[in-house]
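So this block is final21.pdb, PDB, C-alpha atoms:
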```pdb
MODEL        1
ATOM      1  CA  MET A   1     107.252 119.454 117.088
ATOM      2  CA  TYR A   2     104.121 117.891 115.614
ATOM      3  CA  PRO A   3     104.299 119.949 112.418
ATOM      4  CA  ILE A   4     107.593 118.186 111.672
ATOM      5  CA  TYR A   5     105.793 114.835 111.847
ATOM      6  CA  TYR A   6     103.100 116.089 109.516
ATOM      7  CA  ILE A   7     105.720 117.290 107.045
ATOM      8  CA  VAL A   8     107.479 113.905 107.139
ATOM      9  CA  VAL A   9     104.216 112.026 106.505
ATOM     10  CA  ILE A  10     103.293 114.349 103.636
ATOM     11  CA  LEU A  11     106.739 114.041 102.048
ATOM     12  CA  VAL A  12     106.765 110.238 102.287
ATOM     13  CA  SER A  13     103.276 110.068 100.795
ATOM     14  CA  ILE A  14     104.269 112.357  97.917
ATOM     15  CA  ILE A  15     107.378 110.270  97.229
ATOM     16  CA  ALA A  16     105.251 107.109  97.154
ATOM     17  CA  LEU A  17     102.779 108.759  94.787
ATOM     18  CA  ILE A  18     105.513 109.966  92.424
ATOM     19  CA  SER A  19     107.174 106.551  92.468
ATOM     20  CA  THR A  20     103.877 104.906  91.586
ATOM     21  CA  ILE A  21     103.304 107.312  88.691
ATOM     22  CA  VAL A  22     106.817 106.685  87.328
ATOM     23  CA  ILE A  23     106.309 102.919  87.477
ATOM     24  CA  ALA A  24     102.926 103.220  85.769
ATOM     25  CA  LYS A  25     104.421 105.334  82.978
ATOM     26  CA  ASN A  26     107.181 102.779  82.425
ATOM     27  CA  ILE A  27     104.603 100.009  82.133
ATOM     28  CA  GLY A  28     102.468 102.066  79.741
ATOM     29  CA  LYS A  29     105.314 102.596  77.249
ATOM     30  CA  ASP A  30     104.964  99.090  75.806
ATOM     31  CA  ASP A  31     101.247  99.397  74.939
ATOM     32  CA  GLN A  32     102.017  99.771  71.197
ATOM     33  CA  SER A  33     102.419  96.029  70.583
ATOM     34  CA  SER A  34      99.965  93.590  69.051
ATOM     35  CA  PRO A  35      98.022  91.075  71.158
ATOM     36  CA  ASP A  36     100.270  88.236  69.950
ATOM     37  CA  GLN A  37     103.367  90.154  70.995
ATOM     38  CA  GLU A  38     101.825  90.892  74.384
ATOM     39  CA  LEU A  39     101.045  87.206  74.901
ATOM     40  CA  GLU A  40     104.626  86.217  74.103
ATOM     41  CA  LEU A  41     105.911  88.978  76.357
ATOM     42  CA  LEU A  42     103.771  87.755  79.263
ATOM     43  CA  LYS A  43     104.995  84.205  78.766
ATOM     44  CA  SER A  44     108.650  85.185  78.670
ATOM     45  CA  GLU A  45     108.593  87.994  81.220
ATOM     46  CA  SER A  46     110.866  87.379  84.186
ATOM     47  CA  LYS A  47     109.950  88.101  87.775
ATOM     48  CA  SER A  48     112.622  90.780  88.040
ATOM     49  CA  SER A  49     110.814  93.046  85.582
ATOM     50  CA  ASN A  50     107.563  92.794  87.499
ATOM     51  CA  SER A  51     106.600  96.061  89.214
ATOM     52  CA  ILE A  52     104.456  94.470  91.938
ATOM     53  CA  PRO A  53     107.390  93.850  94.346
ATOM     54  CA  MET A  54     108.615  97.409  93.868
ATOM     55  CA  LEU A  55     105.167  98.882  94.527
ATOM     56  CA  THR A  56     104.716  96.600  97.525
ATOM     57  CA  THR A  57     108.009  97.824  98.966
ATOM     58  CA  ILE A  58     107.100 101.479  98.415
ATOM     59  CA  TYR A  59     103.725 101.151 100.092
ATOM     60  CA  THR A  60     105.033  98.995 102.935
ATOM     61  CA  ILE A  61     107.600 101.649 103.822
ATOM     62  CA  THR A  62     104.942 104.359 103.600
ATOM     63  CA  PHE A  63     102.548 102.377 105.794
ATOM     64  CA  VAL A  64     105.187 101.602 108.440
ATOM     65  CA  LEU A  65     106.353 105.217 108.629
ATOM     66  CA  THR A  66     102.780 106.436 108.897
ATOM     67  CA  ILE A  67     102.019 103.997 111.714
ATOM     68  CA  ILE A  68     105.179 105.030 113.567
ATOM     69  CA  LEU A  69     104.340 108.715 113.255
ATOM     70  CA  ILE A  70     100.747 108.149 114.349
ATOM     71  CA  TRP A  71     102.032 106.197 117.356
ATOM     72  CA  ILE A  72     104.376 109.083 118.234
ATOM     73  CA  PHE A  73     101.521 111.546 117.888
ATOM     74  CA  ILE A  74      99.150 109.571 120.124
ATOM     75  CA  PHE A  75     101.670 108.787 122.870
TER
ENDMDL
END
```
Whole structure given in structure tokens:
Amino acid sequence: MYPIYYIVVILVSIIALISTIVIAKNIGKDDQSSPDQELELLKSESKSSNSIPMLTTIYTITFVLTIILIWIFIF
């Protein structure tokens, strides 16, 4: 039964890694602009386009699932 837990942890970690890479690639697409354009973009950027909440959610879920599976493994 423990190999199933290991598989779940590995799959969740891989999903978190892939999600992080996709978010990083989306952020990197706009690197072609001038410094003045970047400054204006930072000033006008809304909170909804910020990737920090999305990354926080991904890693929180990964952390919670890992803790749960470790707890199951120990007890």
Step by step: start from the point (106.3, 104.4, 104.6) in the file's coordinates, keep every protein, DNA or RNA residue that has an atom no farther than 12 Å from it, count only C-alpha atoms, and write the set as a list in words.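 Answer for this query, in the requested form: Val8, Val9, Ile10, Leu11, Val12, Ser13, Ile14, Ile15, Ala16, Leu17, Leu55, Thr56, Thr57, Ile58, Tyr59, Thr60, Ile61, Thr62, Phe63, Val64, Leu65, Thr66, Ile67, Ile68, Leu69 and Ile70 of chain A.
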Closest of A:Met54, A:Pro3, A:Ser44, A:Asp36 to Ser19 of chain A - atom-to-atom distances counting all atoms listed in the file: A:Met54
When you count all atoms listed in the file, which of these residues is closest to Ile23 of chain A: A:Pro35, A:Glu40, A:Trp71, A:Ser51?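 Looking at the shortest contact to Ile23 of chain A, the residue is A:Ser51.
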Calculate how many Å separate atom CA of Pro53 of chain A from atom CA of Tyr5 of chain A, rounding to one decimal.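 Computed distance, atom CA of Pro53 of chain A to atom CA of Tyr5 of chain A, equals 27.4 Å.
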Report, in Å to a single decimal, how far apart atom CA of Lys25 of chain A and atom CA of Tyr6 of chain A are.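 Straight-line distance from atom CA of Tyr6 of chain A to atom CA of Lys25 of chain A works out to 28.7 Å.
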Box time for segment 32-41 of chain A: axis-aligned, enclosing all its listed atoms, 6 Å extra on each side; report centre and edge lengths in Å to one decimal, as AutoDock Vina command-line options.
```
--center_x 102.0 --center_y 93.0 --center_z 72.7 --size_x 19.9 --size_y 25.6 --size_z 19.3
```
